[in-house]
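Undergrad: Have a look at this one before I ask anything.
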Amino acid sequence: MLRFETLSKTYADGTQALSRIEVEVAAGEILALVGGSGCGKTTLLRLIAGLDQPSAGRIVLNGDTIGEPRADVGVIFQEPRLFPWLSVADNIAFGLSHLSAFEREGLVTNALVRVGLAGYEKRWPRELSGGQQQRVAIARALITRPKLLLMDEPFSALDATTRASLHGHLLALWEESRPTVVMVTHDVEEAVTLADRIIVMQPKPGRVFDELDNPLARPRDRLSPAFEALKRDALRTLDRSLRDEAPLQNKAAETAGMWW
Amino acid sequence: MSAVGIDDETAAGPTRPESRKPRRLALAGLLLPVLLAILWEVLVRAGIANGRLMPPPSVVGKTLWGLAASGELLTHAFATLWRVAAGFGLGAGVGTLLGALTGALPVARGLLDPTLQALRSIPSIAWVPLFILWFGIFEASKVALIAVGVFFPVYLGVAAAILGIDRKIIEVGRVFRLGRVAMVRRVLLPAILPAWFTALRSGLGLGFMFVVAAEIMGASEGLGYLLVDGQQLGRPDTIIAAIISFAVLGKLADALLLALTRPFLAWQDLGRAKL
Ligand SMILES: Nc1ncnc2c1ncn2[C@@H]1O[C@H](COP(=O)(O)OP(=O)(O)O)[C@@H](O)[C@H]1O
Ligand SMILES: [Mg+2]
């Protein structure tokens with residue numbers, strides 16, 4: 001579905017933000033990117049969004065090389081980035097200008113219910129809390145039913161309770177149309193909660209350090225031993241990436257060894 | 001961890017503590033001038049103060065009433081308003097256009113801005129002799145002077161507003177694949193609207209300053225002419241009547257502009273005090 005082919009990005013000032021990334025993402029997969037700051041996560045997301053151009057290699061989405069923003073790709077930024085001069089309803093409907101007012105209204109009302117903001121149509125963004133604004137941003141990105149959804153630390157500015165509730169909203173929305181999701185997070189628990197696969201990245205130059213599969217069925221119980229084990233695994237991998245040690249080549253063996 | 005806190009947060013509606021207090025404060029602001037006027041009236045009537053150079057409110061009021069009743073006041077006010085309107089239209093139009101150009105196009109900025117900044121440092125009144133030579137002593141030179149006064153704040157305001165547009169919000173427009181025209185209409189224009197309106201307001205204020213200068217320097221009608229007339233006839237009451245008329249007209253014009261633009265700015269946080 002989505003494929004990075006020897007993808008590299010060097011900024012004008014010579015910073016090698018990404019170097020020869022090779023990853024394939026299946027349709028409907030939720031992929032989490034974690035890693036210390038400066039390892040090129042935002043850069044990668046911006047390339048996929050078509051907001052920046054790679055220096056070498058390419059990104060292929062359903063057979064097309066991505067070069068500019070596309071209608072079937074939705075983006076949720078770290079900040080809500082709502083248009084302050086548009087009402088909540090008009091913000092959500094921003095990408096629907098090709099539809100009639102009637103169709104728009106139906107979709108927006110439905111979307112507002114989905115993110116738990118029914119009745120907020122006419123509010124201005126400034127009248128919403130941070131969490132509510134981010135929910136509007138989620139609705140705005142998902143209402144066009146993108147096949148690929150990109151999120152750059154979308155919940156990092158929110159408190160734990162709001163974040164947990166947004167995870168629920170997001171998964172419910174994702175269930176509806178099952179878009180492919182690539183999300184950046186610095187919260188390992190968030191990655192284990194949401195993702196099918198976690199890619200750990202490393203800086204200078206930005207590259208893939210290791211990846212972990214997450215076979216747990218949804219909804220995931222954060223208190224289950226399997227969840228805990230996976231989270232520990234992910235944390236350990238992240239830790240090694242930060243200390244610049246080699247990735248755990250054979251996790252099964254290591255686990256067995258620890259068991260002993 | 002479930003969605004406990006969310007609904008409380010949802011339920012908490014926005015509060016609107018505005019409106020009440022500023023009004024009471026505005027009334028408080030009237031207190032001092034009214035008291036001073038009464039004091040002056042009393043002092044003059046009691047013979048303690050001489051009202052010849054600074055006539056008491058009753059005399060000014062009588063003069064004002066006389067001017068209004070004879071229709072003179074309306075003629076002068078109309079002449080002044082017409083000049084301000086023409087100069088404001090011209091200055092604001094060109095200021096907006098050039099401000100948009102230099103704000104949006106680096107080439108235009110490099111070409112135009114240094115020259116305009118240099119021109120800005122000339123005290124605008126210094127243009128008067130030149131304008132009179134160029135445009136004659138009648139309306140054109142006055143309108144030109146007012147336009148120059150209005151131009152600079154509008155130009156600077158628009159250019160700064162465009163340069164200051166949040167790049168992040170433009171990116172949202174790009175993500176939604178807005179074309180050039182749609183980007184201007186749906187993102188850039190609304191983003192600069194508040195700053196543009198503010199610039200227009202300060203432009204209008206300067207327009208009223210410059211119309212006084214223009215009319216003092218030679219006019220056969222207008223509130224500025226009334227000022228000069230009062231001076232030549234030794235009638236301070238006429239001068240003060242003209243000053244009051246200027247203040248009222250300026251305030252009304254500002255209020256009109258504010259009322260016209262306010263509906264477009266409903267989204268802004270109007271809780272903070274407007275000065
Ligand atoms: N526009 C830019 N110009 C130059 N260097 C940049 C730019 N954006 C990011 N970088 C650099 O590229 C590297 C990766 O940045 P980024 O993708 O933001 O990392 P992350 O999101 O993982 O923290 C960093 O070293 C950063 O300083
Ligand atoms: Mg980042």
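Starting from 1 in every chain, residues are counted up; chains themselves are A, B, ... following the order of the structure tokens, and ligands are numbered from 1 as listed.
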Would you please extract all strand (DSSP E) residues from region 35-80 of chain A, as assigned by DSSP on the backbone, and give them as a count of residues only?
TA: 13
Undergrad: Would you list the residues that come within 9 Å of ligand 2? Count only C-alpha atoms and all ligand atoms and give the answer as a PyMOL selection string.
TA: chain A and resi 37-43+45+78+152-153+184-185
Undergrad: Using only C-alpha atoms, which chain A residues lie at most 8 Å away from chain B, written as a PyMOL selection string?
TA: chain A and resi 49+51+69-71+74-75+81-87+94-95+117+124+126-129+132+161-162+164-165
Undergrad: Can you tell me which residues sit at most 12 Å away from ligand 1, counting only C-alpha atoms and all ligand atoms, written as number ranges by chain?
TA: A: 8-19, 33-47, 51-53, 77-78, 151-153, 183-186, 200-208
Undergrad: Within region 10-221 of chain A, find each residue whose DSSP state, derived from the backbone, is helix (DSSP H, G or I), and express the selection as a ChimeraX atom specification.
TA: /A:41-49,88-96,101-114,125-127,130-142,160-177,188-194
Undergrad: How far is it from CA of Arg236 (chain A) to CA of His169 (chain A), in Å with one decimal?
TA: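 Result for CA of Arg236 (chain A) versus CA of His169 (chain A): 28.8 Å, one decimal.
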Undergrad: Find the residues near region 20-27 of chain A: any atom within 6 Å, counting only C-alpha atoms, skip ones fewer than 3 places away on the same chain, and give them as a ChimeraX atom specification.
TA: /A:1-8,180
Undergrad: So, with only C-alpha atoms as the atoms that count, which of A:Gly50, A:Gly63, A:Gly131, A:Gly106 lies closest to Pro80 (chain A)?
TA: A:Gly131
Undergrad: Give me the residues near Asn214 (chain A) as number ranges by chain, where near means some atom within 7 Å (using only C-alpha atoms) and where sequence neighbours in that chain fewer than 3 positions away do not count.
TA: A: 195-197
Undergrad: Export, as a short mmCIF file (atom, residue, chain, number, x, y, z; two decimals), in the first residue's frame, the selected residues with C-alpha atoms.
TA:
data_model
loop_
_atom_site.label_atom_id
_atom_site.label_comp_id
_atom_site.auth_asym_id
_atom_site.auth_seq_id
_atom_site.Cartn_x
_atom_site.Cartn_y
_atom_site.Cartn_z
CA ALA A 195 -0.20 0.30 16.58
CA ASP A 196 0.08 -2.98 14.73
CA ARG A 197 3.77 -2.35 14.31
#
Undergrad: Env of region 76-86 of chain B: 9 Å cut, atoms = only C-alpha atoms, seq-sep filter 3 positions within chain, self excluded. Answer as a PDB file with N, CA and C atoms, in the first residue's frame.
TA:
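What ended up in part09.pdb:
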ATOM      1  N   GLY B  71     -27.223  76.078   9.168  1.00  0.00           N
ATOM      2  CA  GLY B  71     -26.835  75.137   8.115  1.00  0.00           C
ATOM      3  C   GLY B  71     -25.365  75.202   7.781  1.00  0.00           C
ATOM      4  N   GLU B  72     -24.672  76.193   8.368  1.00  0.00           N
ATOM      5  CA  GLU B  72     -23.243  76.351   8.107  1.00  0.00           C
ATOM      6  C   GLU B  72     -22.444  75.127   8.542  1.00  0.00           C
ATOM      7  N   LEU B  73     -22.776  74.655   9.744  1.00  0.00           N
ATOM      8  CA  LEU B  73     -22.031  73.533  10.321  1.00  0.00           C
ATOM      9  C   LEU B  73     -22.076  72.326   9.387  1.00  0.00           C
ATOM     10  N   GLY B  89     -10.086  56.775   0.929  1.00  0.00           N
ATOM     11  CA  GLY B  89     -10.291  55.758  -0.110  1.00  0.00           C
ATOM     12  C   GLY B  89      -9.025  55.560  -0.928  1.00  0.00           C
ATOM     13  N   LEU B  90      -8.448  56.677  -1.328  1.00  0.00           N
ATOM     14  CA  LEU B  90      -7.250  56.631  -2.165  1.00  0.00           C
ATOM     15  C   LEU B  90      -6.076  56.004  -1.390  1.00  0.00           C
ATOM     16  N   GLY B  91      -5.811  56.571  -0.210  1.00  0.00           N
ATOM     17  CA  GLY B  91      -4.657  56.111   0.572  1.00  0.00           C
ATOM     18  C   GLY B  91      -4.811  54.668   1.007  1.00  0.00           C
ATOM     19  N   GLU B 139      -9.190  71.230  -4.184  1.00  0.00           N
ATOM     20  CA  GLU B 139      -9.403  69.931  -3.536  1.00  0.00           C
ATOM     21  C   GLU B 139      -8.265  68.929  -3.728  1.00  0.00           C
ATOM     22  N   LYS B 142      -5.415  68.811  -1.266  1.00  0.00           N
ATOM     23  CA  LYS B 142      -5.838  68.405   0.082  1.00  0.00           C
ATOM     24  C   LYS B 142      -6.054  66.895   0.143  1.00  0.00           C
ATOM     25  N   VAL B 143      -6.765  66.388  -0.843  1.00  0.00           N
ATOM     26  CA  VAL B 143      -7.025  64.944  -0.879  1.00  0.00           C
ATOM     27  C   VAL B 143      -5.699  64.182  -0.952  1.00  0.00           C
ATOM     28  N   ALA B 144      -4.760  64.711  -1.733  1.00  0.00           N
ATOM     29  CA  ALA B 144      -3.471  64.039  -1.864  1.00  0.00           C
ATOM     30  C   ALA B 144      -2.754  63.979  -0.513  1.00  0.00           C
ATOM     31  N   ILE B 146      -4.071  64.067   2.504  1.00  0.00           N
ATOM     32  CA  ILE B 146      -4.761  63.106   3.377  1.00  0.00           C
ATOM     33  C   ILE B 146      -4.419  61.678   2.956  1.00  0.00           C
ATOM     34  N   ALA B 147      -4.407  61.450   1.647  1.00  0.00           N
ATOM     35  CA  ALA B 147      -4.111  60.108   1.149  1.00  0.00           C
ATOM     36  C   ALA B 147      -2.727  59.652   1.599  1.00  0.00           C
ATOM     37  N   LEU B 204      -7.569  55.910   9.161  1.00  0.00           N
ATOM     38  CA  LEU B 204      -8.677  56.863   9.254  1.00  0.00           C
ATOM     39  C   LEU B 204      -8.369  57.957  10.277  1.00  0.00           C
ATOM     40  N   GLY B 207      -6.128  60.288   8.756  1.00  0.00           N
ATOM     41  CA  GLY B 207      -6.873  61.066   7.762  1.00  0.00           C
ATOM     42  C   GLY B 207      -7.491  62.300   8.391  1.00  0.00           C
ATOM     43  N   PHE B 208      -8.057  62.129   9.577  1.00  0.00           N
ATOM     44  CA  PHE B 208      -8.667  63.283  10.257  1.00  0.00           C
ATOM     45  C   PHE B 208      -7.611  64.270  10.726  1.00  0.00           C
ATOM     46  N   PHE B 210      -4.831  64.886   9.144  1.00  0.00           N
ATOM     47  CA  PHE B 210      -4.304  65.591   7.982  1.00  0.00           C
ATOM     48  C   PHE B 210      -5.327  66.509   7.338  1.00  0.00           C
ATOM     49  N   VAL B 211      -6.604  66.198   7.501  1.00  0.00           N
ATOM     50  CA  VAL B 211      -7.597  67.094   6.910  1.00  0.00           C
ATOM     51  C   VAL B 211      -7.547  68.442   7.639  1.00  0.00           C
ATOM     52  N   VAL B 212      -7.260  68.415   8.919  1.00  0.00           N
ATOM     53  CA  VAL B 212      -7.128  69.680   9.645  1.00  0.00           C
ATOM     54  C   VAL B 212      -5.979  70.489   9.055  1.00  0.00           C
ATOM     55  N   GLU B 215      -6.855  71.850   5.642  1.00  0.00           N
ATOM     56  CA  GLU B 215      -7.847  72.931   5.608  1.00  0.00           C
ATOM     57  C   GLU B 215      -7.323  74.203   6.262  1.00  0.00           C
ATOM     58  N   GLU B 221     -14.104  76.372   2.786  1.00  0.00           N
ATOM     59  CA  GLU B 221     -15.083  75.710   3.640  1.00  0.00           C
ATOM     60  C   GLU B 221     -14.465  74.468   4.267  1.00  0.00           C
ATOM     61  N   GLY B 222     -15.172  73.922   5.248  1.00  0.00           N
ATOM     62  CA  GLY B 222     -14.612  72.799   5.998  1.00  0.00           C
ATOM     63  C   GLY B 222     -14.400  73.214   7.437  1.00  0.00           C
ATOM     64  N   LEU B 223     -14.345  72.221   8.322  1.00  0.00           N
ATOM     65  CA  LEU B 223     -14.202  72.538   9.743  1.00  0.00           C
ATOM     66  C   LEU B 223     -12.867  73.214  10.021  1.00  0.00           C
ATOM     67  N   GLY B 224     -11.861  72.880   9.222  1.00  0.00           N
ATOM     68  CA  GLY B 224     -10.552  73.508   9.370  1.00  0.00           C
ATOM     69  C   GLY B 224     -10.627  74.995   9.033  1.00  0.00           C
ATOM     70  N   TYR B 225     -11.431  75.299   8.008  1.00  0.00           N
ATOM     71  CA  TYR B 225     -11.644  76.705   7.656  1.00  0.00           C
ATOM     72  C   TYR B 225     -12.288  77.450   8.825  1.00  0.00           C
ATOM     73  N   LEU B 226     -13.219  76.765   9.480  1.00  0.00           N
ATOM     74  CA  LEU B 226     -13.899  77.347  10.639  1.00  0.00           C
ATOM     75  C   LEU B 226     -12.887  77.707  11.733  1.00  0.00           C
ATOM     76  N   SER B 245     -16.585  69.612  16.832  1.00  0.00           N
ATOM     77  CA  SER B 245     -17.151  68.952  15.656  1.00  0.00           C
ATOM     78  C   SER B 245     -16.178  67.935  15.071  1.00  0.00           C
ATOM     79  N   PHE B 246     -14.908  68.337  15.026  1.00  0.00           N
ATOM     80  CA  PHE B 246     -13.889  67.392  14.550  1.00  0.00           C
ATOM     81  C   PHE B 246     -13.891  66.121  15.393  1.00  0.00           C
ATOM     82  N   LEU B 249     -17.029  64.049  14.660  1.00  0.00           N
ATOM     83  CA  LEU B 249     -16.964  63.415  13.340  1.00  0.00           C
ATOM     84  C   LEU B 249     -15.971  62.256  13.330  1.00  0.00           C
TER      85      LEU B 249
END
Undergrad: When you draw a straight line from CA of Ile138 (chain A) to CA of Ile76 (chain A), how long is it in Å?
TA: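 Between CA of Ile138 (chain A) and CA of Ile76 (chain A) the gap is 6.4 Å.
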Undergrad: Using Å and a single decimal, report how far CA of Leu206 (chain B) sits from CA of Gly149 (chain B).
TA: 5.8 Å
